[in-house]
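Chemist: Below you'll find work-v1.txt; it's compact mmCIF, C-alpha atoms and all ligand atoms.
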```
# COMPACT_ATOMS: atom_id res chain seq x y z
CA MET A 1 -65.68 -55.77 2.63
CA LYS A 2 -68.31 -56.62 5.19
CA ILE A 3 -67.15 -56.81 8.82
CA VAL A 4 -67.86 -60.30 10.17
CA ALA A 5 -66.02 -60.17 13.50
CA ALA A 6 -64.48 -57.67 15.89
CA ASP A 7 -62.52 -59.01 18.86
CA VAL A 8 -61.22 -57.10 21.85
CA LEU A 9 -57.90 -58.53 23.05
CA VAL A 10 -56.42 -57.56 26.42
CA THR A 11 -52.84 -58.61 27.14
CA SER A 12 -50.15 -57.64 29.62
CA PRO A 13 -46.64 -58.46 28.35
CA GLY A 14 -45.00 -56.24 30.97
CA ARG A 15 -47.81 -53.67 30.85
CA ASN A 16 -51.47 -53.73 29.79
CA PHE A 17 -52.59 -53.23 26.20
CA VAL A 18 -56.07 -53.33 24.63
CA THR A 19 -56.27 -54.15 20.93
CA LEU A 20 -59.24 -54.38 18.59
CA LYS A 21 -59.05 -56.88 15.74
CA VAL A 22 -61.59 -56.37 12.95
CA THR A 23 -62.12 -59.22 10.45
CA THR A 24 -63.85 -58.89 7.08
CA GLU A 25 -65.76 -61.49 5.08
CA ASP A 26 -62.73 -61.97 2.79
CA GLY A 27 -60.60 -62.95 5.80
CA LEU A 28 -58.58 -59.71 6.08
CA THR A 29 -57.83 -58.45 9.58
CA GLY A 30 -57.09 -54.93 10.80
CA LEU A 31 -55.75 -53.84 14.20
CA GLY A 32 -56.40 -50.78 16.33
CA ASP A 33 -54.91 -49.71 19.69
CA ALA A 34 -57.42 -48.95 22.48
CA THR A 35 -55.02 -48.75 25.45
CA LEU A 36 -55.93 -46.17 28.09
CA ASN A 37 -53.31 -46.36 30.82
CA GLY A 38 -54.79 -47.39 34.19
CA ARG A 39 -58.34 -47.52 32.76
CA GLU A 40 -57.88 -50.31 30.20
CA LEU A 41 -60.92 -52.44 31.04
CA SER A 42 -63.37 -49.58 30.67
CA VAL A 43 -62.36 -49.16 27.01
CA ALA A 44 -62.47 -52.94 26.50
CA SER A 45 -66.02 -52.91 27.87
CA TYR A 46 -67.06 -49.85 25.81
CA LEU A 47 -65.83 -51.65 22.73
CA GLY A 48 -67.07 -55.15 23.53
CA ASP A 49 -70.45 -54.17 24.99
CA HIS A 50 -71.40 -51.18 22.84
CA VAL A 51 -69.30 -50.86 19.68
CA VAL A 52 -68.60 -54.37 18.38
CA PRO A 53 -72.33 -55.17 17.92
CA LEU A 54 -72.64 -51.99 15.79
CA LEU A 55 -69.71 -52.95 13.56
CA LEU A 56 -70.91 -56.38 12.47
CA GLY A 57 -72.27 -56.27 8.92
CA ARG A 58 -70.91 -52.74 8.21
CA ASP A 59 -68.78 -52.06 5.13
CA ALA A 60 -65.20 -51.74 6.38
CA ARG A 61 -64.35 -49.41 3.50
CA ASN A 62 -66.53 -46.56 4.81
CA ILE A 63 -64.12 -45.15 7.38
CA GLU A 64 -65.40 -41.57 7.61
CA ASP A 65 -69.02 -42.72 7.83
CA THR A 66 -68.15 -45.25 10.56
CA TRP A 67 -66.25 -42.59 12.52
CA GLN A 68 -69.14 -40.11 12.33
CA PHE A 69 -71.62 -42.85 13.23
CA LEU A 70 -69.69 -43.91 16.35
CA TYR A 71 -69.02 -40.30 17.42
CA ARG A 72 -72.52 -38.93 16.84
CA SER A 73 -74.81 -41.89 17.45
CA ALA A 74 -73.61 -42.37 21.04
CA TYR A 75 -75.02 -38.90 21.82
CA TRP A 76 -72.45 -38.68 24.68
CA ARG A 77 -69.45 -37.16 22.92
CA ARG A 78 -65.73 -36.99 23.59
CA GLY A 79 -63.90 -38.24 26.68
CA PRO A 80 -60.89 -40.56 26.80
CA VAL A 81 -62.83 -43.85 27.04
CA THR A 82 -65.13 -43.11 24.12
CA MET A 83 -62.39 -41.61 21.96
CA SER A 84 -59.90 -44.44 22.61
CA ALA A 85 -62.58 -46.94 21.57
CA ILE A 86 -63.36 -44.98 18.38
CA SER A 87 -59.60 -44.71 17.73
CA ALA A 88 -59.24 -48.46 17.74
CA VAL A 89 -62.04 -48.92 15.21
CA ASP A 90 -60.77 -46.14 12.95
CA THR A 91 -57.17 -47.41 13.02
CA ALA A 92 -58.26 -51.00 12.32
CA LEU A 93 -60.29 -49.83 9.31
CA TRP A 94 -57.31 -47.89 7.91
CA ASP A 95 -55.13 -50.98 8.45
CA LEU A 96 -57.69 -53.04 6.52
CA LYS A 97 -58.02 -50.51 3.70
CA ALA A 98 -54.25 -50.32 3.24
CA LYS A 99 -53.93 -54.12 3.33
CA ALA A 100 -56.70 -54.44 0.76
CA ALA A 101 -54.89 -51.90 -1.43
CA GLY A 102 -51.58 -53.77 -0.93
CA MET A 103 -49.89 -50.57 0.31
CA PRO A 104 -48.32 -49.30 3.50
CA LEU A 105 -50.83 -46.96 5.14
CA TYR A 106 -48.71 -43.84 4.61
CA GLN A 107 -49.22 -44.23 0.85
CA LEU A 108 -52.99 -43.90 1.28
CA LEU A 109 -52.40 -40.78 3.38
CA GLY A 110 -50.60 -39.07 0.51
CA GLY A 111 -47.21 -40.80 0.46
CA ALA A 112 -43.96 -39.94 2.23
CA SER A 113 -43.13 -36.29 2.94
CA ARG A 114 -39.74 -37.17 4.43
CA LYS A 115 -37.15 -39.96 4.57
CA GLY A 116 -37.50 -40.66 8.27
CA ILE A 117 -39.22 -39.53 11.44
CA LEU A 118 -37.07 -37.69 13.99
CA ALA A 119 -37.66 -39.34 17.36
CA TYR A 120 -36.86 -38.18 20.87
CA GLY A 121 -35.94 -40.53 23.70
CA HIS A 122 -36.27 -40.18 27.48
CA ALA A 123 -33.10 -39.56 29.50
CA SER A 124 -33.41 -39.28 33.27
CA GLY A 125 -31.42 -39.52 36.46
CA GLN A 126 -31.60 -39.17 40.21
CA ASP A 127 -28.52 -36.94 40.04
CA GLN A 128 -26.29 -35.27 37.44
CA HIS A 129 -24.01 -38.29 37.09
CA GLN A 130 -26.92 -40.64 36.33
CA LEU A 131 -28.53 -38.10 34.03
CA PHE A 132 -25.37 -37.58 31.95
CA ASP A 133 -24.92 -41.34 31.78
CA SER A 134 -28.49 -41.76 30.56
CA ILE A 135 -28.05 -39.01 27.92
CA ARG A 136 -24.83 -40.68 26.68
CA HIS A 137 -26.64 -44.02 26.50
CA HIS A 138 -29.43 -42.48 24.39
CA LEU A 139 -26.87 -40.88 22.09
CA ASP A 140 -25.06 -44.24 21.81
CA VAL A 141 -28.22 -46.06 20.69
CA GLY A 142 -28.83 -43.39 18.06
CA PHE A 143 -31.19 -40.76 19.48
CA ARG A 144 -30.68 -37.27 18.07
CA ALA A 145 -33.17 -35.51 20.34
CA ILE A 146 -33.50 -36.11 24.06
CA ARG A 147 -36.06 -35.37 26.76
CA VAL A 148 -34.42 -34.54 30.10
CA GLN A 149 -36.16 -35.33 33.42
CA THR A 150 -34.45 -35.36 36.81
CA SER A 151 -35.30 -35.85 40.42
CA VAL A 152 -35.70 -32.75 42.56
CA PRO A 153 -33.79 -32.36 45.85
CA SER A 154 -36.04 -33.13 48.86
CA LEU A 155 -38.68 -34.96 46.77
CA ASN A 156 -38.86 -38.76 46.94
CA ALA A 157 -40.38 -39.65 43.58
CA VAL A 158 -40.71 -37.46 40.51
CA TYR A 159 -42.48 -38.06 37.18
CA GLY A 160 -40.15 -39.42 34.49
CA VAL A 161 -37.37 -40.67 36.78
CA PRO A 162 -37.18 -44.38 37.67
CA ALA A 163 -36.38 -45.20 41.30
CA ALA A 164 -33.28 -47.13 40.15
CA PRO A 165 -31.23 -46.11 37.11
CA ALA A 166 -32.10 -48.03 33.94
CA SER A 167 -29.35 -50.51 33.19
CA ARG A 168 -27.56 -50.02 29.88
CA GLU A 169 -28.28 -53.56 28.75
CA GLY A 170 -31.69 -54.26 30.27
CA ASP A 171 -35.06 -52.93 29.23
CA GLY A 172 -35.32 -50.94 32.49
CA HIS A 173 -37.26 -48.04 31.02
CA TYR A 174 -39.36 -45.77 33.15
CA GLU A 175 -42.88 -47.13 33.43
CA PRO A 176 -45.19 -44.94 35.52
CA ALA A 177 -48.13 -47.38 35.77
CA GLN A 178 -47.39 -49.79 38.59
CA ARG A 179 -49.05 -53.16 39.06
CA GLY A 180 -51.06 -53.45 42.26
CA SER A 181 -54.52 -52.78 43.59
CA LEU A 182 -53.84 -49.15 44.61
CA PRO A 183 -52.05 -46.24 42.91
CA ALA A 184 -48.66 -45.21 44.30
CA GLU A 185 -48.38 -41.86 46.06
CA GLU A 186 -45.68 -39.39 44.99
CA ASP A 187 -44.76 -36.04 46.55
CA TRP A 188 -44.52 -32.64 44.91
CA ASP A 189 -43.23 -29.12 45.58
CA THR A 190 -43.35 -26.70 42.64
CA ARG A 191 -41.01 -24.13 44.23
CA ALA A 192 -38.32 -26.77 44.77
CA TYR A 193 -38.78 -27.92 41.15
CA LEU A 194 -38.55 -24.39 39.74
CA ARG A 195 -35.35 -23.72 41.69
CA HIS A 196 -33.73 -26.91 40.45
CA ILE A 197 -34.54 -27.37 36.76
CA PRO A 198 -32.77 -24.36 35.12
CA GLY A 199 -29.44 -25.45 36.68
CA VAL A 200 -29.92 -28.96 35.30
CA PHE A 201 -30.36 -27.64 31.75
CA GLU A 202 -27.38 -25.32 32.15
CA ALA A 203 -25.22 -28.32 33.13
CA VAL A 204 -26.56 -30.43 30.25
CA ARG A 205 -25.86 -27.69 27.70
CA ASN A 206 -22.35 -27.20 29.09
CA GLU A 207 -21.65 -30.92 28.81
CA PHE A 208 -23.37 -31.79 25.52
CA GLY A 209 -23.12 -28.52 23.58
CA PRO A 210 -25.62 -26.31 21.78
CA GLU A 211 -26.72 -28.60 18.91
CA LEU A 212 -28.60 -31.42 20.64
CA PRO A 213 -32.39 -30.81 20.70
CA LEU A 214 -33.50 -30.99 24.36
CA LEU A 215 -37.08 -31.38 25.60
CA HIS A 216 -38.71 -31.28 29.02
CA ASP A 217 -42.10 -32.39 30.36
CA GLY A 218 -43.66 -30.29 33.15
CA HIS A 219 -46.43 -32.92 33.43
CA HIS A 220 -49.30 -30.50 34.11
CA ARG A 221 -48.03 -29.27 37.49
CA MET A 222 -47.58 -25.53 37.21
CA THR A 223 -49.90 -22.54 37.38
CA PRO A 224 -49.67 -20.19 34.37
CA ILE A 225 -47.36 -17.76 36.18
CA GLU A 226 -45.10 -20.59 37.39
CA ALA A 227 -44.96 -21.99 33.87
CA ALA A 228 -44.12 -18.54 32.51
CA ARG A 229 -41.27 -18.28 35.00
CA LEU A 230 -39.87 -21.68 34.05
CA GLY A 231 -40.16 -21.01 30.31
CA LYS A 232 -38.30 -17.73 30.76
CA ALA A 233 -35.60 -19.29 32.94
CA LEU A 234 -35.02 -22.03 30.32
CA GLU A 235 -34.65 -19.65 27.37
CA PRO A 236 -30.81 -19.57 27.49
CA TYR A 237 -30.77 -23.37 27.03
CA ASP A 238 -32.77 -23.32 23.79
CA LEU A 239 -35.30 -26.08 24.43
CA PHE A 240 -37.01 -27.83 21.53
CA TRP A 241 -40.10 -27.67 23.73
CA LEU A 242 -41.49 -27.39 27.22
CA GLU A 243 -44.37 -29.86 27.45
CA ASP A 244 -47.61 -29.74 29.46
CA CYS A 245 -46.50 -26.75 31.50
CA THR A 246 -50.03 -26.29 32.88
CA PRO A 247 -53.05 -28.60 33.12
CA ALA A 248 -54.63 -27.39 29.91
CA GLU A 249 -58.34 -27.89 30.43
CA ASN A 250 -58.28 -24.09 30.58
CA GLN A 251 -56.88 -23.10 27.20
CA GLU A 252 -56.84 -19.42 28.21
CA ALA A 253 -54.04 -20.17 30.70
CA LEU A 254 -51.57 -20.50 27.84
CA ARG A 255 -52.08 -16.83 26.89
CA LEU A 256 -50.33 -15.76 30.04
CA VAL A 257 -47.48 -18.25 29.59
CA ARG A 258 -47.02 -17.16 25.99
CA GLN A 259 -46.84 -13.47 26.89
CA HIS A 260 -43.79 -14.13 29.04
CA THR A 261 -41.65 -16.70 27.24
CA ILE A 262 -40.33 -17.66 23.84
CA THR A 263 -39.58 -21.25 24.94
CA PRO A 264 -41.65 -23.36 22.49
CA LEU A 265 -44.68 -25.04 24.07
CA ALA A 266 -46.15 -28.50 23.43
CA ILE A 267 -49.43 -29.72 24.87
CA GLY A 268 -52.18 -32.26 24.47
CA GLU A 269 -51.29 -35.89 25.22
CA VAL A 270 -54.44 -36.04 27.38
CA PHE A 271 -56.62 -34.22 24.84
CA ASN A 272 -58.97 -36.27 22.74
CA THR A 273 -60.61 -33.95 20.22
CA VAL A 274 -59.78 -30.93 18.08
CA TRP A 275 -62.05 -28.85 20.35
CA ASP A 276 -59.47 -29.10 23.14
CA TYR A 277 -57.08 -27.17 20.89
CA GLN A 278 -59.40 -24.61 19.34
CA THR A 279 -58.12 -21.52 21.17
CA LEU A 280 -54.58 -22.85 21.51
CA ILE A 281 -54.13 -23.30 17.77
CA ARG A 282 -56.15 -20.33 16.48
CA GLU A 283 -54.33 -17.90 18.77
CA GLN A 284 -50.97 -19.65 18.20
CA LEU A 285 -50.51 -20.17 21.95
CA ILE A 286 -48.62 -23.44 21.38
CA ASP A 287 -46.07 -24.79 18.91
CA TYR A 288 -46.73 -28.56 18.97
CA VAL A 289 -49.83 -30.74 19.34
CA ARG A 290 -49.16 -33.83 21.45
CA SER A 291 -52.25 -35.97 20.80
CA SER A 292 -51.86 -39.58 19.80
CA VAL A 293 -53.78 -41.59 17.23
CA THR A 294 -54.60 -43.97 20.12
CA HIS A 295 -56.43 -41.44 22.30
CA ALA A 296 -57.76 -38.78 19.92
CA GLY A 297 -60.15 -40.84 17.80
CA GLY A 298 -57.80 -42.45 15.28
CA ILE A 299 -56.14 -41.50 12.01
CA THR A 300 -59.24 -39.74 10.61
CA PRO A 301 -59.54 -36.92 13.21
CA MET A 302 -55.77 -36.73 13.79
CA ARG A 303 -55.32 -35.88 10.12
CA LYS A 304 -57.90 -33.11 10.48
CA LEU A 305 -56.23 -31.85 13.67
CA VAL A 306 -52.75 -31.62 12.15
CA ASP A 307 -54.17 -30.00 8.99
CA PHE A 308 -55.94 -27.38 11.16
CA ALA A 309 -52.69 -26.86 13.12
CA ALA A 310 -50.74 -26.46 9.87
CA GLN A 311 -52.70 -23.32 8.97
CA TYR A 312 -51.17 -21.69 12.08
CA GLN A 313 -47.63 -23.09 11.72
CA VAL A 314 -48.22 -25.44 14.64
CA LYS A 315 -46.52 -28.81 14.20
CA SER A 316 -47.06 -32.39 15.37
CA GLY A 317 -45.29 -34.01 18.31
CA MET A 318 -47.31 -37.15 18.92
CA HIS A 319 -47.36 -38.89 22.27
CA GLY A 320 -45.33 -42.11 22.14
CA ALA A 321 -44.89 -43.40 25.70
CA THR A 322 -45.00 -47.16 26.31
CA ASP A 323 -48.75 -47.05 26.94
CA ILE A 324 -49.17 -46.42 23.22
CA SER A 325 -49.00 -50.03 21.94
CA PRO A 326 -46.90 -50.96 18.91
CA VAL A 327 -50.16 -50.81 16.92
CA GLY A 328 -50.77 -47.22 18.04
CA MET A 329 -47.12 -46.38 17.46
CA ALA A 330 -47.20 -47.74 13.91
CA ALA A 331 -50.35 -45.73 13.18
CA ALA A 332 -48.58 -42.58 14.41
CA LEU A 333 -45.54 -43.30 12.25
CA HIS A 334 -47.58 -43.65 9.05
CA LEU A 335 -49.23 -40.30 9.78
CA ASP A 336 -45.90 -38.68 10.78
CA LEU A 337 -44.36 -39.73 7.49
CA ALA A 338 -47.22 -38.42 5.37
CA ILE A 339 -48.08 -35.02 6.87
CA HIS A 340 -46.25 -31.82 5.98
CA ASN A 341 -46.23 -30.17 9.43
CA PHE A 342 -44.43 -32.99 11.25
CA GLY A 343 -42.36 -31.76 14.21
CA ILE A 344 -40.99 -34.72 16.18
CA GLN A 345 -42.17 -38.13 17.46
CA GLU A 346 -41.80 -39.36 21.04
CA TYR A 347 -40.33 -42.86 21.12
CA MET A 348 -40.08 -44.98 24.25
CA PRO A 349 -39.12 -48.46 23.02
CA HIS A 350 -41.23 -51.35 24.32
CA ASN A 351 -39.73 -54.31 26.17
CA GLU A 352 -38.88 -57.66 24.57
CA ARG A 353 -42.07 -59.39 25.74
CA THR A 354 -44.23 -56.71 24.15
CA ASN A 355 -42.28 -57.01 20.92
CA GLU A 356 -42.85 -60.78 20.91
CA VAL A 357 -46.60 -60.28 21.21
CA PHE A 358 -46.76 -57.43 18.67
CA ARG A 359 -44.62 -58.29 15.62
CA GLN A 360 -43.56 -55.02 14.06
CA THR A 361 -41.90 -53.85 10.89
CA PHE A 362 -41.16 -50.29 11.95
CA THR A 363 -37.50 -49.45 12.41
CA PHE A 364 -35.33 -47.01 14.38
CA ARG A 365 -32.00 -46.10 12.82
CA ASP A 366 -29.66 -43.18 13.46
CA GLY A 367 -32.32 -41.26 15.35
CA TYR A 368 -35.07 -41.74 12.77
CA LEU A 369 -38.11 -44.02 12.80
CA HIS A 370 -39.75 -45.47 9.70
CA PRO A 371 -43.04 -47.43 9.54
CA GLY A 372 -41.76 -49.89 6.91
CA ASP A 373 -43.40 -50.89 3.65
CA GLU A 374 -45.58 -53.86 4.56
CA PRO A 375 -49.21 -53.46 3.47
CA GLY A 376 -51.31 -51.83 6.22
CA LEU A 377 -49.81 -50.73 9.52
CA GLY A 378 -47.11 -53.40 9.47
CA VAL A 379 -47.95 -54.83 12.92
CA GLU A 380 -49.36 -58.28 13.63
CA LEU A 381 -50.62 -59.54 16.98
CA ASP A 382 -49.49 -63.02 18.04
CA GLU A 383 -52.65 -64.05 19.85
CA LYS A 384 -51.14 -67.20 21.32
CA ALA A 385 -48.27 -65.25 22.84
CA ALA A 386 -50.72 -62.54 24.00
CA ALA A 387 -52.83 -65.13 25.84
CA GLY A 388 -49.80 -66.01 27.96
CA PHE A 389 -49.92 -62.52 29.53
CA PRO A 390 -53.30 -61.96 31.20
CA TYR A 391 -54.47 -58.50 32.35
CA GLN A 392 -52.92 -57.20 35.56
CA THR A 393 -54.44 -54.40 37.62
CA ALA A 394 -52.16 -51.37 37.37
CA TYR A 395 -52.55 -47.68 38.13
CA LEU A 396 -50.74 -44.47 37.35
CA PRO A 397 -49.41 -42.73 40.48
CA PHE A 398 -50.86 -39.58 42.02
CA SER A 399 -49.21 -36.61 43.80
CA ARG A 400 -49.66 -34.86 47.12
CA LEU A 401 -48.11 -31.58 48.22
CA ARG A 402 -46.08 -31.45 51.45
CA ASP A 403 -49.23 -30.58 53.46
CA GLY A 404 -51.11 -33.55 51.99
CA THR A 405 -53.17 -31.70 49.37
CA ILE A 406 -53.72 -33.69 46.17
CA HIS A 407 -51.87 -32.12 43.24
CA ASP A 408 -51.82 -32.80 39.48
CA TRP A 409 -49.64 -35.77 38.65
O1 LIG A 501 -50.05 -42.76 30.58
C1 LIG A 501 -49.40 -41.62 30.96
C2 LIG A 501 -48.07 -41.50 30.27
O2 LIG A 501 -48.19 -41.79 28.91
C3 LIG A 501 -47.51 -40.13 30.44
O3 LIG A 501 -47.28 -39.88 31.79
C4 LIG A 501 -46.21 -40.02 29.65
O4 LIG A 501 -46.21 -37.65 29.89
C5 LIG A 501 -45.85 -38.63 29.28
C6 LIG A 501 -45.02 -38.46 28.09
O5 LIG A 501 -44.81 -37.32 27.72
O6 LIG A 501 -44.59 -39.46 27.52
MG MG A 502 -46.01 -35.91 28.67
```
For this file, write the structure as structure tokens.
Modeler:
Amino acid sequence: MKIVAADVLVTSPGRNFVTLKVTTEDGLTGLGDATLNGRELSVASYLGDHVVPLLLGRDARNIEDTWQFLYRSAYWRRGPVTMSAISAVDTALWDLKAKAAGMPLYQLLGGASRKGILAYGHASGQDQHQLFDSIRHHLDVGFRAIRVQTSVPSLNAVYGVPAAPASREGDGHYEPAQRGSLPAEEDWDTRAYLRHIPGVFEAVRNEFGPELPLLHDGHHRMTPIEAARLGKALEPYDLFWLEDCTPAENQEALRLVRQHTITPLAIGEVFNTVWDYQTLIREQLIDYVRSSVTHAGGITPMRKLVDFAAQYQVKSGMHGATDISPVGMAAALHLDLAIHNFGIQEYMPHNERTNEVFRQTFTFRDGYLHPGDEPGLGVELDEKAAAGFPYQTAYLPFSRLRDGTIHDW
């Protein structure tokens, strides 16, 4: 199974995606997602300029060897650009191997450990009325676990909340990356946020009852002591998890949070190797690992990460925002289905245009996702349709405090 071609495809059907297509001498093709939100072209260049020439002539069957070669031979290790590029290669090779075997990928990973993959959706609102409406909408379309984000009084724009409410019929999902030559500026005030959020969860529990799993994303904005305070204040509302409560470059910070709260903690959508989790997992400072197949080096290291986490009763909760392409999403679903320590999967459905470009076989029914049983990942890229959506410059926003200081977004 010699690799004879590897093509980097950039398309923007509503938002930017980078996909690697690897072709073997027998005409099989495998796909991998290399999308890094707001930095897409750097991964496309890393792949096209430095990785594709190394792939040509290699045996596509040797996935572990190829992973180690790409990781170690660059000398410069880790980092989101490098690891997203390696992810795409690794995922494409698993897609190829499963297609060659005539099996859905999850079978090669050990087979199904469950019937379906519990998914959580994103509800949000500028006020309580909009938020309740959004939660009802998510329940109506089948979600059985819901992330709750709201605006904060006196702040103009807050992570996770669209400026206008998403229409029930349209695809008006929240999309933080905005097209344009400069990133949008948002404002932030942690004290205002901390005062507001516990009351929101109290109202949601009163309205929707105790059963519904509720999640919340702090999006890296709190100090450890602020995060501890929020976790403690949210305890009566029984969250499934509080996500990214601190910027977690400093793993030690989670010790302090953990000492003060029993609200479960999830972290790691911006992490890209197991090393980012070493202290967090070994000291059981978190409950869920948030890395995605797309950004953490592919199926090969993600399997090792979740197996390491399993020894400490830490579960998976893979990142699944719209910047994970349908290829990356399918890869996550195969892994979710196979592993034992699955926790939950984030699911932000893509828009119609994206689904026309990426033909998928995964399904969402009654709150559960399933990758389907087509050989490989079960996603095909319609290159003609993709070519109709050229790359558009787009950036994630950034935050400033009231006095103008840059804050974590
Ligand atoms: O690209 C950044 C988004 O994927 C991120 O802001 C979404 O935090 C996020 C989440 O939990 O989905
Ligand atoms: Mg997040």
Chemist: Hey, what's within 7 Å of A:Pro371 if we count only C-alpha atoms and toss same-chain stuff fewer than 5 positions away? As a VMD selection string, please?
Modeler: chain A and resid 330 333 to 334 361 to 363
Chemist: Please extract the residues at most 6 Å from ligand LIG 501 (chain A), counting all atoms listed in the file, and provide them as a list in words, using the chain letters and residue numbers of this document.
Modeler: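 Using all atoms listed in the file, everything at most 6 Å from ligand LIG 501 (chain A) comes to Asn37, His219, His319, Ala321 and Asp323 of chain A.
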Chemist: What's around A:Gly116 at 7 Å? Count only C-alpha atoms, leave out sequence neighbours fewer than 4 positions away in its own chain, and write the answer as an mmCIF file with C-alpha atoms, in the coordinates of the input.
Modeler:
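Listed below is the output, selection.cif:
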```
data_model
loop_
_atom_site.group_PDB
_atom_site.id
_atom_site.type_symbol
_atom_site.label_atom_id
_atom_site.label_comp_id
_atom_site.auth_asym_id
_atom_site.auth_seq_id
_atom_site.Cartn_x
_atom_site.Cartn_y
_atom_site.Cartn_z
ATOM 1 C CA LEU A 337 -44.360 -39.730 7.490
ATOM 2 C CA TYR A 368 -35.070 -41.740 12.770
ATOM 3 C CA LEU A 369 -38.110 -44.020 12.800
ATOM 4 C CA HIS A 370 -39.750 -45.470 9.700
#
```
Chemist: Of the candidates A:Leu31, A:Arg258, A:Ser84, A:Asn206, which shows the shortest atom-to-atom distance to A:Val51, using all atoms listed in the file?
Modeler: A:Ser84
Chemist: Please determine, counting only C-alpha atoms and all ligand atoms, which residue among A:Trp188, A:Tyr237, A:Tyr159, A:Phe132 has the shortest atom-to-atom distance to ligand MG 502 (chain A).
Modeler: A:Tyr159
Chemist: Got a sec: who's within 7 Å of stretch 266-280 of chain A, counting all atoms listed in the file, leaving out chain neighbours fewer than 3 positions off, as number ranges by chain?
Modeler: A: 78-80, 83, 241-244, 251, 283-292, 295-297, 305, 319
Chemist: For each of A:Ala309, A:Ile299, A:Val22, A:Leu239, take the minimum atom-to-atom distance to A:Arg282, counting only C-alpha atoms, then give the residue where this is smallest.
Modeler: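 Using only C-alpha atoms, A:Arg282 sits closest to A:Ala309.
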Chemist: I'd like the neighbourhood of A:Phe208 as an NGL selection string, where a residue qualifies if any of its atoms comes within 10 Å (using all atoms listed in the file), though same-chain residues fewer than 4 positions away should be ignored.
Modeler: :A and (132 or 135-136 or 203-204 or 212)
Chemist: Name the residues within 7 Å of (-53.5, -48.0, 28.9), counting only C-alpha atoms in the file's coordinates, and put them as a list in words.
Modeler: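 Residues close enough to count: Asn16, Phe17, Thr35, Leu36, Asn37, Gly38, Arg39, Glu40 and Asp323 of chain A.
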Chemist: Write out as a PyMOL selection string the residues lying within 8 Å of A:Tyr106, counting all atoms listed in the file and excluding same-chain residues fewer than 2 positions away.
Modeler: chain A and resi 104+108-112+334-335+337-338
Chemist: Residues proximal to (-42.9, -25.4, 38.6) were defined as those with any atom within 9 Å of that point in the file's coordinates, counting all atoms listed in the file. Which are they, as an NGL selection string?
Modeler: :A and (189-195 or 197 or 218 or 221-223 or 226-227 or 229-230 or 245)
Chemist: Kindly give the distance, in Å, that separates atom CA of A:Arg58 and atom CA of A:Ile3, rounded to a single decimal.
Modeler: 5.6 Å
Chemist: A:Arg400, A:Arg147, A:Arg205, A:His129: which is nearest ligand MG 502 (chain A), counting only C-alpha atoms and all ligand atoms?
Modeler: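 Under the stated criterion, the closest residue is A:Arg147.
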Chemist: Using Å and a single decimal, report how far atom CA of A:Tyr391 sits from atom CA of A:Thr300.
Modeler: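 Pair atom CA of A:Thr300 / atom CA of A:Tyr391 returns 29.1 Å.
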Chemist: Measuring atom to atom with all atoms listed in the file, identify which of A:Asp217, A:Asp133, A:Asp90, A:Asp187 is nearest to ligand MG 502 (chain A).
Modeler: A:Asp217
Chemist: A:Ala157, A:Leu41, A:Leu9, A:Ile262: which is nearest A:Phe389, counting all atoms listed in the file?
Modeler: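 For A:Phe389, the nearest of the given residues is A:Leu9.
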Chemist: What's the separation between atom CA of A:Glu346 and atom CA of A:Ala163, in Å to one decimal place?
Modeler: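 Interatomic distance, atom CA of A:Glu346 to atom CA of A:Ala163: 21.8 Å.
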